[in-house]
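Asks: Mind looking over this structure? Questions follow.
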Amino acid sequence: VAERAATSGPLVGLPLAPLMHGNSQWAAMLNALSGRSTVVSAARKMDTAELWRIVAQERVQLINIVGDAQARPLIEELERVRDDLDVSSLFVVASGGAILSPAVKARFAELLPSVMLVDGLGASETGYQGVSAGADSQGRPRFSFGEHTIVLADDGNPTTPGDGVVGRLARRGFIPLG
């Protein structure tokens, strides 16, 4: 960790979910094991005005959120305070544990055009499965899956990209049972 801290740069992360949530635990541990900083709020509930002040004051670069439930109130508050706070340090908003709706992604892009929005896919039971970041030329989400992720049709057979089948994410390889 000491070697990484000396070379990793001053990345500052702010996990917004309670630390009992996997999203925040993974973010805080990744920062700790990379020798980077994690800022946490002492508020007992999500205080969006305080969170945006923390982003500005601590020069936060990465925020970890849990889907629309946290994104919508953050966006509403940012619309109120964006002219009063400098949040230009922020370059990634990463969501995990719940997806971001297209409307929320679009509003984030309007308010923070230079910020990358990343939608993580996975679960406590499967671990990391992939991410959705950006869109293709038709506006469809662009996905990148982890090596252990497979997409299965309802009959349990793997799908292939572009076959028109709506599938379900599954994990292959070592799977704990019992």
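Following the order of the structure tokens, first chain is A, next is B, and so on, with residues numbered from 1 inside each chain and ligands from 1 in the order they appear.
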Tell me, as a list of chain:residue names, which residues lie within 12 Å of Leu112 in chain A, counting only C-alpha atoms; anything in the same chain fewer than 4 positions away does not count.

Replies: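 The contact residues come out as A:Leu74, A:Ile75, A:Leu78, A:Glu79, A:Arg82, A:Asp86, A:Val87, A:Ser88, A:Ser89, A:Leu90, A:Phe91, A:Val92, A:Val93, A:Val104, A:Lys105, A:Ala106, A:Arg107, A:Phe108, A:Met116, A:Leu117.
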
Asks: Compare A:Val81, A:Leu51, A:Ala32, A:Met46 by their minimum atom-to-atom distance to Ala69 in chain A, counting only C-alpha atoms, and give me the closest one.

Replies: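 Closest to Ala69 in chain A of all the choices is A:Met46.
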
Asks: For Val39 in chain A, which residue among A:Leu62, A:Asp119, A:Gly162, A:Trp26 is the nearest when counting only C-alpha atoms?

Replies: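 Among A:Leu62, A:Asp119, A:Gly162, A:Trp26, it is A:Leu62 that comes nearest to Val39 in chain A.
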
Asks: One decimal, in Å: what's the spacing between CA of Ser41 in chain A and CA of Ala98 in chain A?

Replies: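 That distance, rounded to one decimal, is 21.1 Å.
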
Asks: For Asn64 in chain A, which of A:Ser132, A:Thr149, A:Ser95, A:Thr48 is the closest residue, counting only C-alpha atoms?

Replies: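 The closest residue to Asn64 in chain A is A:Ser95.
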
Asks: Based on DSSP run over this structure's backbone, return all residues of range 57-167 of chain A in alpha helix (DSSP H), as an NGL selection string.

Replies: :A and (57-58 or 67-81 or 102-111)

Asks: Restricting the output to N, CA and C atoms, write the selected residues as a compact mmCIF listing (two decimals), in the first residue's frame.

Replies:
# COMPACT_ATOMS: atom_id res chain seq x y z
N GLN A 57 -15.15 21.22 -1.41
CA GLN A 57 -14.11 21.50 -0.41
C GLN A 57 -12.96 20.50 -0.45
N GLU A 58 -13.27 19.21 -0.61
CA GLU A 58 -12.24 18.16 -0.58
C GLU A 58 -11.68 17.84 -1.96
N GLY A 67 -27.57 3.90 -7.90
CA GLY A 67 -28.68 4.11 -8.82
C GLY A 67 -29.42 5.43 -8.70
N ASP A 68 -30.62 5.42 -9.27
CA ASP A 68 -31.47 6.61 -9.30
C ASP A 68 -31.84 7.11 -7.91
N ALA A 69 -31.93 6.20 -6.93
CA ALA A 69 -32.33 6.60 -5.58
C ALA A 69 -31.40 7.65 -5.01
N GLN A 70 -30.13 7.59 -5.33
CA GLN A 70 -29.19 8.62 -4.88
C GLN A 70 -28.94 9.66 -5.97
N ALA A 71 -29.00 9.25 -7.21
CA ALA A 71 -28.70 10.19 -8.30
C ALA A 71 -29.73 11.30 -8.42
N ARG A 72 -31.01 10.99 -8.34
CA ARG A 72 -32.04 12.01 -8.51
C ARG A 72 -31.93 13.15 -7.49
N PRO A 73 -31.83 12.87 -6.18
CA PRO A 73 -31.68 13.99 -5.25
C PRO A 73 -30.37 14.76 -5.44
N LEU A 74 -29.30 14.07 -5.84
CA LEU A 74 -28.04 14.76 -6.12
C LEU A 74 -28.19 15.73 -7.28
N ILE A 75 -28.88 15.29 -8.32
CA ILE A 75 -29.09 16.14 -9.49
C ILE A 75 -29.94 17.35 -9.12
N GLU A 76 -31.02 17.11 -8.36
CA GLU A 76 -31.89 18.23 -7.97
C GLU A 76 -31.11 19.28 -7.18
N GLU A 77 -30.26 18.83 -6.26
CA GLU A 77 -29.46 19.77 -5.47
C GLU A 77 -28.41 20.46 -6.33
N LEU A 78 -27.77 19.70 -7.22
CA LEU A 78 -26.76 20.30 -8.09
C LEU A 78 -27.36 21.40 -8.96
N GLU A 79 -28.60 21.22 -9.41
CA GLU A 79 -29.27 22.26 -10.18
C GLU A 79 -29.39 23.55 -9.38
N ARG A 80 -29.56 23.43 -8.04
CA ARG A 80 -29.69 24.61 -7.18
C ARG A 80 -28.34 25.26 -6.87
N VAL A 81 -27.27 24.47 -6.74
CA VAL A 81 -26.00 25.02 -6.21
C VAL A 81 -24.87 25.10 -7.23
N PRO A 102 -32.15 5.97 -18.11
CA PRO A 102 -31.68 6.84 -19.21
C PRO A 102 -31.93 8.33 -18.94
N ALA A 103 -33.06 8.66 -18.30
CA ALA A 103 -33.35 10.07 -18.02
C ALA A 103 -32.35 10.66 -17.04
N VAL A 104 -31.98 9.89 -16.03
CA VAL A 104 -31.01 10.37 -15.04
C VAL A 104 -29.64 10.51 -15.68
N LYS A 105 -29.25 9.54 -16.50
CA LYS A 105 -27.96 9.64 -17.20
C LYS A 105 -27.92 10.88 -18.07
N ALA A 106 -29.01 11.15 -18.77
CA ALA A 106 -29.05 12.32 -19.66
C ALA A 106 -28.94 13.62 -18.86
N ARG A 107 -29.61 13.69 -17.71
CA ARG A 107 -29.56 14.92 -16.90
C ARG A 107 -28.17 15.12 -16.32
N PHE A 108 -27.54 14.03 -15.85
CA PHE A 108 -26.16 14.13 -15.35
C PHE A 108 -25.25 14.66 -16.46
N ALA A 109 -25.42 14.12 -17.67
CA ALA A 109 -24.58 14.55 -18.80
C ALA A 109 -24.77 16.03 -19.11
N GLU A 110 -25.99 16.53 -18.97
CA GLU A 110 -26.25 17.96 -19.20
C GLU A 110 -25.59 18.82 -18.13
N LEU A 111 -25.72 18.41 -16.87
CA LEU A 111 -25.19 19.21 -15.76
C LEU A 111 -23.68 19.09 -15.61

Asks: Could you tell me which of A:Ser101, A:Thr126, A:Ser114, A:Ser24 comes closest to Thr38 in chain A if we count only C-alpha atoms?

Replies: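 The answer is A:Ser24, which sits nearest to Thr38 in chain A.
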
Asks: Could you pull out the strand (DSSP E) residues of range 88-137 of chain A, going by DSSP on the backbone, and write them as a list in words?

Replies: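 DSSP-assigned strand (DSSP E) residues in range 88-137 of chain A: Val92, Val93, Ala94, Ser95, Met116, Leu117, Val118, Asp119, Gly120, Leu121, Gly122, Ala123, Gly127, Tyr128, Gln129, Gly130, Val131, Ser132, Ala133, Gly134 and Ala135 of chain A.
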
Asks: Which is closest to Val12 in chain A among A:Ile63, A:Gln25, A:Ile99, A:Glu50, if we use only C-alpha atoms?

Replies: A:Ile63

Asks: Identify which of the residues A:Leu121, A:Leu33, A:Leu85, A:Val166 lies closest to Ile54 in chain A, counting only C-alpha atoms when measuring atom-to-atom distances.

Replies: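 Among the listed residues, A:Leu85 lies closest to Ile54 in chain A.
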
Asks: Separation of CA of Ile150 in chain A and CA of Gln129 in chain A, in Å?

Replies: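 Distance between the two atoms: 8.7 Å.
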
Asks: With only C-alpha atoms as the counted atoms, please give the residues lying no more than 9 Å from range 18-22 of chain A, apart from itself and same-chain residues fewer than 2 positions off, as number ranges by chain.

Replies: A: 15-16, 24-28, 45, 96-97, 123-124

Asks: Go ahead and compute the interatomic distance for CA of Arg36 in chain A and CA of Pro10 in chain A, in Å to one decimal.

Replies: 6.4 Å
